[in-house]
Structures are given as structure tokens and as C-alpha cells.
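Source file run-v4.txt; content: compact mmCIF, C-alpha atoms and all ligand atoms.
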```txt
# COMPACT_ATOMS: atom_id res chain seq x y z
CA MET P 1 -52.62 -41.56 -93.44
CA GLU P 2 -53.74 -37.98 -93.82
CA THR P 3 -53.12 -35.87 -90.70
CA THR P 4 -55.93 -33.40 -90.01
CA HIS P 5 -54.86 -29.97 -88.73
CA TRP P 6 -57.59 -28.42 -86.57
CA ILE P 7 -57.12 -24.83 -85.44
CA VAL P 8 -58.68 -24.19 -82.04
CA ASP P 9 -59.02 -20.94 -80.14
CA LYS P 10 -58.04 -21.87 -76.59
CA GLN P 11 -59.76 -18.81 -75.17
CA GLY P 12 -63.04 -19.68 -76.89
CA ILE P 13 -63.52 -23.21 -75.53
CA THR P 14 -66.97 -23.83 -74.12
CA HIS P 15 -66.59 -27.60 -73.48
CA GLU P 16 -70.17 -28.34 -74.71
CA HIS P 17 -69.75 -27.61 -78.41
CA TYR P 18 -66.42 -27.53 -80.03
CA PRO P 19 -66.65 -29.55 -83.23
CA GLN P 20 -62.89 -29.94 -83.73
CA ILE P 21 -62.42 -31.28 -80.19
CA GLU P 22 -65.49 -33.53 -80.53
CA GLU P 23 -64.05 -34.99 -83.73
CA ALA P 24 -60.60 -35.48 -82.17
CA ALA P 25 -62.17 -37.13 -79.10
CA ARG P 26 -64.25 -39.43 -81.32
CA LEU P 27 -61.06 -40.55 -83.06
CA ILE P 28 -59.38 -41.19 -79.68
CA ARG P 29 -62.34 -43.33 -78.61
CA LYS P 30 -61.95 -45.29 -81.87
CA GLY P 31 -58.29 -46.00 -81.06
CA GLU P 32 -56.57 -43.34 -83.17
CA VAL P 33 -53.82 -41.04 -81.84
CA ILE P 34 -54.11 -37.25 -81.78
CA ALA P 35 -51.59 -34.52 -80.94
CA PHE P 36 -52.81 -31.76 -78.64
CA PRO P 37 -51.39 -28.73 -76.83
CA THR P 38 -50.65 -28.73 -73.12
CA GLU P 39 -49.05 -26.04 -70.96
CA THR P 40 -45.69 -27.87 -71.21
CA VAL P 41 -45.24 -29.22 -74.78
CA TYR P 42 -47.55 -30.84 -77.38
CA GLY P 43 -48.58 -34.38 -76.42
CA LEU P 44 -49.49 -37.37 -78.61
CA GLY P 45 -52.53 -38.99 -77.01
CA GLY P 46 -54.23 -42.35 -77.26
CA GLN P 47 -56.70 -43.99 -74.91
CA VAL P 48 -55.14 -45.90 -72.05
CA GLN P 49 -57.15 -49.11 -72.14
CA MET P 50 -56.65 -50.10 -75.76
CA ASP P 51 -53.38 -51.86 -76.69
CA LYS P 52 -53.89 -50.94 -80.33
CA ALA P 53 -54.11 -47.21 -79.54
CA VAL P 54 -51.09 -47.21 -77.24
CA GLN P 55 -49.06 -49.20 -79.76
CA LYS P 56 -49.80 -46.50 -82.37
CA ILE P 57 -48.18 -43.88 -80.10
CA PHE P 58 -44.95 -45.89 -79.87
CA THR P 59 -44.97 -46.60 -83.61
CA ALA P 60 -45.65 -42.98 -84.69
CA LYS P 61 -42.84 -41.68 -82.46
CA GLY P 62 -40.39 -44.54 -82.98
CA ARG P 63 -40.27 -44.70 -79.17
CA PRO P 64 -38.56 -47.66 -77.47
CA SER P 65 -41.23 -49.88 -75.93
CA ASP P 66 -39.52 -49.97 -72.51
CA ASN P 67 -40.10 -46.22 -72.02
CA PRO P 68 -43.48 -45.83 -70.27
CA LEU P 69 -46.05 -43.09 -70.93
CA ILE P 70 -47.64 -40.47 -68.69
CA VAL P 71 -51.40 -40.88 -68.21
CA HIS P 72 -53.24 -37.56 -68.60
CA ILE P 73 -56.49 -37.01 -66.72
CA ALA P 74 -59.05 -34.21 -66.50
CA ASP P 75 -60.74 -35.32 -63.27
CA ARG P 76 -58.86 -35.89 -60.01
CA LYS P 77 -61.21 -38.83 -59.22
CA ASP P 78 -59.52 -40.82 -61.99
CA VAL P 79 -56.47 -41.18 -59.71
CA ASP P 80 -58.56 -43.53 -57.54
CA HIS P 81 -59.11 -45.88 -60.50
CA LEU P 82 -55.56 -45.75 -61.78
CA ALA P 83 -53.59 -45.92 -58.52
CA GLN P 84 -53.52 -48.63 -55.91
CA SER P 85 -52.46 -46.30 -53.11
CA VAL P 86 -51.54 -42.63 -52.86
CA PRO P 87 -49.40 -41.29 -49.99
CA ASN P 88 -50.62 -38.15 -48.18
CA TYR P 89 -47.72 -36.06 -49.47
CA ALA P 90 -48.71 -36.95 -53.07
CA GLU P 91 -52.27 -35.78 -52.37
CA ALA P 92 -50.79 -32.52 -51.06
CA LEU P 93 -48.70 -32.11 -54.23
CA MET P 94 -51.79 -32.69 -56.39
CA ASP P 95 -53.75 -30.15 -54.29
CA SER P 96 -51.08 -27.53 -54.84
CA PHE P 97 -49.88 -28.13 -58.39
CA TRP P 98 -52.74 -29.70 -60.38
CA PRO P 99 -53.74 -28.89 -62.96
CA GLY P 100 -50.11 -28.18 -63.82
CA PRO P 101 -46.69 -29.43 -64.95
CA LEU P 102 -46.19 -32.08 -62.27
CA THR P 103 -46.32 -35.84 -62.93
CA ILE P 104 -46.85 -38.14 -59.96
CA ILE P 105 -45.66 -41.77 -59.96
CA VAL P 106 -47.64 -44.12 -57.72
CA PRO P 107 -48.25 -47.90 -57.50
CA LYS P 108 -50.72 -48.80 -60.23
CA GLN P 109 -54.06 -50.56 -59.99
CA GLU P 110 -53.52 -53.82 -61.90
CA GLY P 111 -55.74 -54.57 -64.89
CA VAL P 112 -56.92 -51.01 -65.61
CA LEU P 113 -54.36 -49.87 -68.17
CA SER P 114 -52.93 -51.43 -71.29
CA GLU P 115 -49.63 -53.00 -70.16
CA LEU P 116 -47.91 -51.06 -72.94
CA VAL P 117 -48.58 -47.74 -71.13
CA THR P 118 -46.45 -48.68 -68.14
CA ALA P 119 -43.92 -50.81 -70.07
CA GLY P 120 -44.40 -53.66 -67.63
CA LEU P 121 -43.78 -51.56 -64.48
CA HIS P 122 -46.00 -51.82 -61.40
CA THR P 123 -46.22 -48.04 -61.14
CA VAL P 124 -48.12 -45.45 -63.16
CA ALA P 125 -47.22 -41.84 -63.96
CA ILE P 126 -50.22 -39.46 -63.81
CA ARG P 127 -50.69 -35.78 -64.56
CA MET P 128 -53.54 -33.28 -65.00
CA PRO P 129 -52.49 -30.74 -67.65
CA ASP P 130 -53.32 -27.06 -67.21
CA HIS P 131 -54.56 -26.31 -70.71
CA PRO P 132 -58.18 -25.79 -71.78
CA VAL P 133 -57.77 -27.76 -75.04
CA ALA P 134 -56.10 -30.74 -73.34
CA LEU P 135 -58.71 -30.82 -70.56
CA ALA P 136 -61.64 -30.50 -72.99
CA LEU P 137 -60.23 -33.28 -75.20
CA ILE P 138 -59.72 -35.71 -72.30
CA LYS P 139 -63.20 -34.95 -70.88
CA GLU P 140 -64.84 -35.39 -74.27
CA ALA P 141 -62.93 -38.65 -74.92
CA GLY P 142 -64.32 -39.88 -71.57
CA VAL P 143 -61.19 -41.89 -70.84
CA PRO P 144 -57.68 -41.06 -69.55
CA VAL P 145 -55.23 -40.42 -72.36
CA ALA P 146 -51.65 -41.74 -72.43
CA ALA P 147 -49.45 -39.07 -73.96
CA PRO P 148 -45.72 -38.61 -74.43
CA SER P 149 -44.39 -35.53 -76.24
CA ALA P 150 -45.54 -35.41 -79.89
CA ASN P 151 -42.10 -35.58 -81.52
CA ARG P 152 -40.11 -38.34 -83.24
CA SER P 153 -38.17 -40.08 -80.49
CA GLY P 154 -34.84 -38.35 -79.76
CA LYS P 155 -35.81 -34.97 -81.23
CA PRO P 156 -36.61 -31.83 -79.23
CA SER P 157 -40.19 -31.81 -77.93
CA PRO P 158 -42.69 -29.76 -79.97
CA THR P 159 -43.86 -26.39 -78.66
CA THR P 160 -45.94 -25.53 -81.76
CA ALA P 161 -48.28 -27.53 -84.03
CA ALA P 162 -45.81 -26.86 -86.88
CA HIS P 163 -43.13 -28.79 -84.94
CA VAL P 164 -45.59 -31.69 -84.53
CA LEU P 165 -46.37 -31.72 -88.25
CA ASP P 166 -42.65 -31.57 -89.15
CA ASP P 167 -42.12 -34.80 -87.21
CA LEU P 168 -45.41 -36.70 -87.47
CA SER P 169 -47.36 -35.54 -90.53
CA GLY P 170 -48.79 -38.63 -92.25
CA ARG P 171 -48.16 -40.78 -89.16
CA ILE P 172 -51.03 -39.64 -86.87
CA ALA P 173 -54.76 -38.94 -87.34
CA GLY P 174 -54.60 -35.25 -86.43
CA VAL P 175 -53.26 -32.33 -84.44
CA LEU P 176 -55.29 -29.83 -82.44
CA ASP P 177 -53.46 -26.55 -82.95
CA GLY P 178 -53.89 -24.30 -79.90
CA GLY P 179 -50.87 -22.10 -80.64
CA ASP P 180 -47.63 -22.00 -78.63
CA THR P 181 -47.39 -24.01 -75.43
CA GLY P 182 -46.61 -22.26 -72.13
CA VAL P 183 -43.73 -23.58 -70.02
CA GLY P 184 -41.92 -25.06 -73.03
CA LEU P 185 -40.29 -27.96 -71.11
CA GLU P 186 -41.88 -31.24 -70.06
CA SER P 187 -43.43 -31.75 -66.64
CA THR P 188 -41.47 -32.43 -63.47
CA VAL P 189 -41.67 -36.19 -62.76
CA VAL P 190 -41.78 -37.14 -59.08
CA ASP P 191 -41.60 -40.65 -57.65
CA CYS P 192 -44.23 -40.97 -54.89
CA THR P 193 -43.77 -44.66 -54.09
CA GLY P 194 -41.51 -44.22 -51.05
CA PRO P 195 -41.60 -42.31 -47.75
CA HIS P 196 -40.53 -39.03 -49.45
CA PRO P 197 -40.96 -37.61 -52.95
CA ILE P 198 -37.97 -38.02 -55.28
CA ILE P 199 -37.58 -35.91 -58.44
CA LEU P 200 -36.78 -38.17 -61.40
CA ARG P 201 -36.99 -35.45 -64.07
CA PRO P 202 -36.74 -31.72 -63.31
CA GLY P 203 -39.32 -29.44 -64.94
CA GLY P 204 -41.39 -26.30 -64.49
CA ILE P 205 -42.30 -27.13 -60.86
CA THR P 206 -39.03 -26.91 -58.94
CA GLN P 207 -37.69 -28.71 -55.88
CA THR P 208 -38.14 -25.46 -53.91
CA ASP P 209 -41.78 -25.16 -55.07
CA MET P 210 -42.51 -28.67 -53.80
CA GLU P 211 -40.54 -28.35 -50.56
CA ALA P 212 -42.73 -25.37 -49.62
CA VAL P 213 -45.68 -27.81 -49.61
CA VAL P 214 -44.34 -31.16 -48.38
CA GLY P 215 -41.00 -30.56 -46.70
CA LYS P 216 -37.97 -32.58 -47.85
CA VAL P 217 -37.93 -33.49 -51.55
CA LYS P 218 -34.98 -35.52 -52.85
CA ILE P 219 -33.29 -35.46 -56.25
CA GLY P 220 -33.09 -38.87 -57.97
CA GLY P 221 -29.63 -40.46 -58.01
CA ALA P 222 -29.52 -40.82 -61.78
CA LEU P 223 -29.89 -37.04 -62.14
CA GLN P 224 -26.79 -36.41 -60.07
CA ASN P 225 -24.62 -39.35 -60.99
CA GLU P 226 -24.52 -40.61 -64.56
CA LYS P 227 -23.62 -44.15 -63.46
CA ASP P 228 -26.75 -44.65 -61.36
CA VAL P 229 -29.45 -46.79 -62.90
CA PRO P 230 -32.36 -44.52 -63.79
CA LYS P 231 -35.57 -45.31 -61.94
CA SER P 232 -37.45 -43.67 -64.78
CA PRO P 233 -36.71 -45.68 -67.90
CA GLY P 234 -36.88 -42.69 -70.27
CA MET P 235 -33.91 -41.07 -68.55
CA LYS P 236 -31.42 -43.41 -70.20
CA TYR P 237 -32.17 -42.33 -73.76
CA THR P 238 -30.56 -39.51 -75.75
CA HIS P 239 -33.06 -36.73 -76.21
CA TYR P 240 -33.81 -33.31 -77.56
CA ALA P 241 -30.92 -33.33 -80.04
CA PRO P 242 -30.66 -31.15 -83.14
CA GLU P 243 -29.11 -32.80 -86.24
CA ALA P 244 -25.58 -31.40 -85.82
CA PRO P 245 -23.54 -32.39 -82.74
CA LEU P 246 -24.05 -29.97 -79.87
CA TYR P 247 -21.47 -28.92 -77.27
CA LEU P 248 -22.12 -26.95 -74.12
CA ILE P 249 -19.68 -24.07 -73.87
CA GLU P 250 -18.73 -22.09 -70.79
CA GLY P 251 -16.43 -19.08 -70.69
CA THR P 252 -16.18 -15.43 -71.62
CA HIS P 253 -17.63 -14.18 -74.90
CA SER P 254 -14.12 -13.77 -76.29
CA PHE P 255 -13.23 -17.37 -75.33
CA ILE P 256 -16.38 -18.60 -77.07
CA GLN P 257 -15.59 -16.53 -80.18
CA GLU P 258 -12.06 -18.00 -80.26
CA GLN P 259 -13.53 -21.53 -80.28
CA ILE P 260 -15.90 -20.54 -83.10
CA ASP P 261 -13.01 -19.07 -85.10
CA GLU P 262 -10.86 -22.19 -84.64
CA LEU P 263 -13.66 -24.47 -85.81
CA ARG P 264 -14.38 -22.26 -88.82
CA ALA P 265 -10.68 -22.18 -89.69
CA GLU P 266 -10.94 -25.99 -89.94
CA GLY P 267 -13.68 -25.46 -92.54
CA LYS P 268 -16.59 -26.29 -90.19
CA LYS P 269 -19.96 -24.54 -90.30
CA VAL P 270 -20.68 -23.43 -86.76
CA GLY P 271 -24.00 -22.62 -85.07
CA VAL P 272 -24.22 -20.82 -81.73
CA MET P 273 -27.12 -20.94 -79.31
CA ALA P 274 -26.93 -17.63 -77.50
CA THR P 275 -29.33 -15.34 -75.64
CA GLU P 276 -30.73 -11.92 -76.45
CA GLU P 277 -28.07 -10.44 -74.20
CA SER P 278 -25.17 -12.22 -75.94
CA GLU P 279 -26.08 -12.87 -79.59
CA HIS P 280 -24.45 -9.67 -80.87
CA PHE P 281 -21.06 -10.71 -79.43
CA TYR P 282 -20.61 -13.57 -81.89
CA VAL P 283 -19.73 -14.06 -85.55
CA ALA P 284 -20.68 -17.56 -86.79
CA ASP P 285 -22.61 -19.35 -89.57
CA ARG P 286 -25.87 -19.31 -87.63
CA ILE P 287 -26.68 -17.62 -84.34
CA ILE P 288 -29.96 -18.33 -82.57
CA SER P 289 -31.20 -16.72 -79.38
CA CYS P 290 -33.14 -19.02 -77.05
CA GLY P 291 -34.54 -16.19 -74.91
CA ARG P 292 -33.43 -13.66 -72.32
CA ARG P 293 -30.82 -14.84 -69.81
CA HIS P 294 -32.34 -12.50 -67.25
CA ASP P 295 -35.77 -14.04 -67.72
CA ILE P 296 -35.02 -17.76 -67.36
CA GLU P 297 -38.68 -18.72 -68.05
CA SER P 298 -38.30 -17.21 -71.53
CA VAL P 299 -35.37 -19.58 -72.14
CA ALA P 300 -37.48 -22.59 -71.05
CA LYS P 301 -40.21 -21.46 -73.43
CA HIS P 302 -37.96 -21.00 -76.48
CA LEU P 303 -35.31 -23.69 -75.91
CA TYR P 304 -36.79 -26.48 -78.08
CA GLY P 305 -37.82 -24.12 -80.89
CA ALA P 306 -34.26 -22.77 -80.91
CA LEU P 307 -32.74 -26.29 -80.99
CA ARG P 308 -35.03 -27.23 -83.89
CA SER P 309 -34.25 -24.10 -85.88
CA PHE P 310 -30.61 -25.12 -86.27
CA ASN P 311 -31.77 -27.96 -88.52
CA VAL P 312 -32.64 -25.64 -91.44
CA SER P 313 -28.96 -24.85 -92.12
CA SER P 314 -26.59 -27.76 -92.54
CA LEU P 315 -24.16 -27.13 -89.72
CA ASP P 316 -21.20 -29.25 -88.61
CA VAL P 317 -21.28 -28.26 -84.97
CA ILE P 318 -23.39 -26.22 -82.53
CA LEU P 319 -22.05 -24.49 -79.42
CA ALA P 320 -24.64 -23.73 -76.76
CA GLU P 321 -24.29 -21.29 -73.88
CA THR P 322 -25.15 -22.71 -70.46
CA PHE P 323 -27.31 -21.47 -67.55
CA PRO P 324 -27.03 -21.56 -63.76
CA SER P 325 -28.66 -24.70 -62.29
CA GLU P 326 -31.18 -22.87 -60.12
CA GLY P 327 -34.98 -22.82 -60.30
CA VAL P 328 -36.13 -23.66 -63.84
CA GLY P 329 -32.44 -23.51 -64.84
CA VAL P 330 -32.13 -27.05 -63.38
CA ALA P 331 -34.61 -28.36 -65.97
CA ILE P 332 -33.02 -26.31 -68.77
CA MET P 333 -29.54 -27.69 -68.02
CA ASN P 334 -30.94 -31.24 -67.70
CA ARG P 335 -32.34 -30.99 -71.27
CA LEU P 336 -29.22 -29.27 -72.64
CA GLU P 337 -26.92 -31.89 -71.09
CA LYS P 338 -28.94 -34.60 -72.85
CA ALA P 339 -29.02 -32.72 -76.15
CA ALA P 340 -25.22 -32.44 -75.89
CA GLY P 341 -24.66 -36.02 -74.73
CA HIS P 342 -22.80 -34.38 -71.75
CA ARG P 343 -20.10 -32.89 -74.02
CA TRP P 344 -18.59 -29.68 -72.65
CA ILE P 345 -16.00 -27.12 -73.72
CA LYS P 346 -14.83 -25.08 -70.73
CA GLU P 347 -12.47 -22.16 -70.43
CA VAL P 348 -9.78 -23.00 -67.89
CA ASP P 349 -8.31 -20.02 -66.11
P1 LIG H 401 -42.31 -38.09 -72.11
O1 LIG H 401 -43.53 -38.89 -72.26
O2 LIG H 401 -41.40 -38.16 -73.30
O3 LIG H 401 -42.57 -36.70 -71.60
O4 LIG H 401 -41.50 -38.80 -70.93
C1 LIG H 401 -42.18 -39.28 -69.79
C2 LIG H 401 -41.15 -39.65 -68.75
O5 LIG H 401 -41.82 -40.20 -67.63
C3 LIG H 401 -40.16 -40.67 -69.29
O6 LIG H 401 -38.88 -40.35 -68.85
C4 LIG H 401 -40.67 -41.96 -68.63
O7 LIG H 401 -39.65 -42.91 -68.47
C5 LIG H 401 -41.22 -41.45 -67.31
N1 LIG H 401 -42.22 -42.37 -66.75
C6 LIG H 401 -43.45 -42.63 -67.22
N2 LIG H 401 -44.06 -43.56 -66.45
C7 LIG H 401 -43.19 -43.90 -65.48
C8 LIG H 401 -43.20 -44.80 -64.36
N3 LIG H 401 -44.26 -45.56 -64.11
N4 LIG H 401 -42.11 -44.87 -63.58
C9 LIG H 401 -41.03 -44.10 -63.82
N5 LIG H 401 -40.95 -43.22 -64.85
C10 LIG H 401 -42.00 -43.13 -65.66
MG MG H 402 -40.56 -36.78 -74.80
```
In C-alpha cells, write the structure found in this file.
Ligand code: AMP
Ligand code: MG
Amino acid sequence: METTHWIVDKQGITHEHYPQIEEAARLIRKGEVIAFPTETVYGLGGQVQMDKAVQKIFTAKGRPSDNPLIVHIADRKDVDHLAQSVPNYAEALMDSFWPGPLTIIVPKQEGVLSELVTAGLHTVAIRMPDHPVALALIKEAGVPVAAPSANRSGKPSPTTAAHVLDDLSGRIAGVLDGGDTGVGLESTVVDCTGPHPIILRPGGITQTDMEAVVGKVKIGGALQNEKDVPKSPGMKYTHYAPEAPLYLIEGTHSFIQEQIDELRAEGKKVGVMATEESEHFYVADRIISCGRRHDIESVAKHLYGALRSFNVSSLDVILAETFPSEGVGVAIMNRLEKAAGHRWIKEVD
């Protein structure tokens, strides 16, 4: 299959006439799958009612079929069709954070979605993205769009159309290229099926952001304790990994350099994921900065691009600096822990 690459100017969208978006929406209505930019990462969308379309998403990504998809909407009224019931606190979260990087899980209305979207669960995950191209595409398609991140399963999520094409060229009908995404990490996923919201996946909207609106917000057990059964099926899979094994490393710059030197003395090619503040401290085979430590949003934005860029040199091992688990740092460390398979090297003093 040939993958069409449409360049769109996100500032210039007028909703009525945008031939590339009209063409992409027509293909979605026909049951094809299309990658599109959102404010978090690029998504791979197919219409939610058609088994054939949803199956194509799983096939293109190589995604396990028990990992459900987030339904993307452009009109808040669609929640009424998709959900069976919505607690008041979930309405308040939608009021405050939609459109935006927050996914709400609620009991689903039976018979509305392809069963493949929810992987047999009785709940549905819904989000309204804050991106003019995503919103225009969903409106033009006239149907909610199921969309996971537009990467091969297990790889870092794509934050540019080039990342999408690296992974999925020839496997999908097209990609709408709206330039770099914004936040750079996937949405916060919050379970709204109980008396209080529970964060199942940290993201750009933090626990503190939500608590300011709805009071107590809990953190899902599986995020704190590895042995807990994840309530969100996707949490159990390895994710975001570059090709070489990645280790999280914590210690002084000289400790980190000693570890690099030891590995290189064993004949290993070593990559280091550093920051703009620290990159000049190291000597290694490849050093990549993932942003400015003092501007944690810049790290969120560049993290996946940095992880992907290690793949161009054939490295034996990658050491990644870590970040404090506060604010967006919680989401950054969640993704880094998964990329590293929870492997750490720590300086003991
Ligand atoms: P991705 O599509 O790769 O951004 O991942 C979406 C995440 O949302 C995965 O971890 C899914 O397991 C999770 N998810 C989607 N739908 C549900 C649901 N109904 N209940 C719990 N988690 C869900
Ligand atoms: Mg993903």
C-alpha cells in the first residue's frame, strides 16, 4: 500500500475547505486508517463502528488485541452516545481540560462501538484532542475515531510525521503532517468508573491540575506497585524502547562518566541521554540531549525524538539521566521506566 504524505498548515485550517483533510476523512469513512497530529503525539485513526477499520489499526501497529484504544471526538455531545453514565466529577474534568491531553474512562454504551476498540471491556476511554488538524479530521469524518499512537507497538510514540513514516510507511493509507506535536507525551488516562478519579497513566495533565478541579484524585495501584494487576491493559506491555538496552542512571556526572568508561573498556558502544545542562560533561559514543532540565516541559516534548535518535548508531547500551517525579516529571519517569524495563544503575554513597 502506498502511504500518502499530506502537508497541512495547522494555522491555516478553515474547516470548510481543506482538500487534504477532506481526502483523509473520506478514506476514514471508507474504513482506511490515517495518521494525524494531536497536541500529545501522532495518532493512527480509524472509525469506531467498523471492525475492519479498527482491525487495520491493530495490524498496522502490531498491537496486541487485548490493549484497547482511545476514542477521539470533536464534539462533547458524542460522550452521550458513547458512555452509559458519566459521574459529575468527570463532567467537571471535561469542562476544565477538554479539548486537551486528558482521557476519561467511563462505562460504555453497549452496541455503539466495534468490540475491538474496547478489547472486550465494558468501559470506553474518550478524549477530545486540542489540535486543529485532529479536530477538523474527526468533524469531517463525521464519526468518532479510535486512535492509539501511530508507532509500531513497543517503539517510542511519534512526535513528527517522519517518525510515523519510519514505522508505518507502506502499512497505512496516509499521514497528515502538521509538524511537531506539542506536549510530546501521551494523554493522562483517568478511570472515572468509581466514586473518585484514579490516574491509570500519568501525562501532561497532572494529579495537582486535576485536584484543583475535583478534590482528591488517586494514583492507580499498578503505577506504584509493579505487582498490582493493571486496570488499564496497555500498562502491562513494554513500551517506548530504543533498539539498544536502556538503563536509568542516577549519580554525579563523574559517577556516570566512570560507568561509561567501564562499559567502553569492555568494548561496548555507549549512548548517553543527557540534557542541555549536562551533555558537555560526558565522553561517549553518542550523546543526545532530550531538552533542558530546568524546563521540564521541553524534556517531555523531546523525549521520544531523543529515544528514537539513538537507533541511527548501532549502540550496545544506553544510559539515561533521570528526572524528579514531580509535575510532568511523573509522566516522563513513567515512560523512561518502561523504556528501561525498570533497570537502574545508582550511585551508592
Ligand atoms: P495508546 O493508545 O497507545 O496511547 O494507549 C492508550 C492507553 O489507554 C492504553 O494503555 C490502554 O490500555 C488504555 N485504555 C484504553 N481504553 C481503556 C479502557 N476502556 N480501560 C482502561 N484502559 C484503557
Ligand atoms: Mg502508544
For the atom pair CA of Met50 (chain P) and CA of Glu91 (chain P), what is the interatomic distance in Å to one decimal place?
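Interatomic distance here is 27.8 Å.
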So that I can check the surroundings of region 192-208 of chain P, please list as a list in words every protein, DNA and RNA residue that reaches within 7 Å of it, counting only C-alpha atoms and ignoring chain neighbours fewer than 4 positions away.
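In the requested form, the answer reads Ala90, Pro101, Leu102, Ile104, Ile105, Val106, Pro107, Val183, Leu185, Glu186, Ser187, Thr188, Ala212, Val217, Lys218, Ile219, Gly220, Ser232, Gly327, Val328, Val330 and Ala331 of chain P.
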Top pick for closest residue to Ala162 (chain P), considering P:Leu263, P:Ile345, P:Leu246, P:Ala35 and counting all atoms listed in the file:
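Among the listed residues, the smallest separation from Ala162 (chain P) belongs to P:Ala35.
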List as a ChimeraX atom specification the protein and nucleic acid residues lying within 6 Å of ligand LIG 401 (chain H), with only C-alpha atoms and all ligand atoms counted.
/P:67-70,105,118,123-125,148-149,186,231-235
To check your reading of the model: which residues sit at most 9 Å from ligand MG 402 (chain H) when counting all atoms listed in the file? Write the answer as a list in words.
Val41, Gly43, Pro148, Ser149, Ala150, Asn151, Arg152, Ser153, Gly154, Lys155, Pro156, Ser157, Pro158, Glu186, Gly234, His239 and Tyr240 of chain P
CA of Lys139 (chain P) and CA of Ala300 (chain P) are how many Å apart?
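These two atoms are separated by 28.5 Å.
Contact shell of Glu115 (chain P) at 9 Å (all atoms listed in the file; same-chain neighbours under 5 positions omitted): P:Gln49, P:Asp51, P:Gly120, P:Leu121.
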Written file, previous selection with C-alpha atoms, as a PDB file, in the frame of the given file:
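Listing of part.pdb after writing:
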```pdb
ATOM      1  CA  GLN P  49     -57.150 -49.110 -72.140  1.00  0.00           C
ATOM      2  CA  ASP P  51     -53.380 -51.860 -76.690  1.00  0.00           C
ATOM      3  CA  GLY P 120     -44.400 -53.660 -67.630  1.00  0.00           C
ATOM      4  CA  LEU P 121     -43.780 -51.560 -64.480  1.00  0.00           C
TER       5      LEU P 121
END
```
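Using all atoms listed in the file, the smallest distance between any of P:Asp177, P:Val54, P:Pro132, P:Phe323 and Leu165 (chain P) comes from P:Asp177.
For the pair CA of Asp228 (chain P) and CA of Lys108 (chain P), the separation is 24.4 Å.
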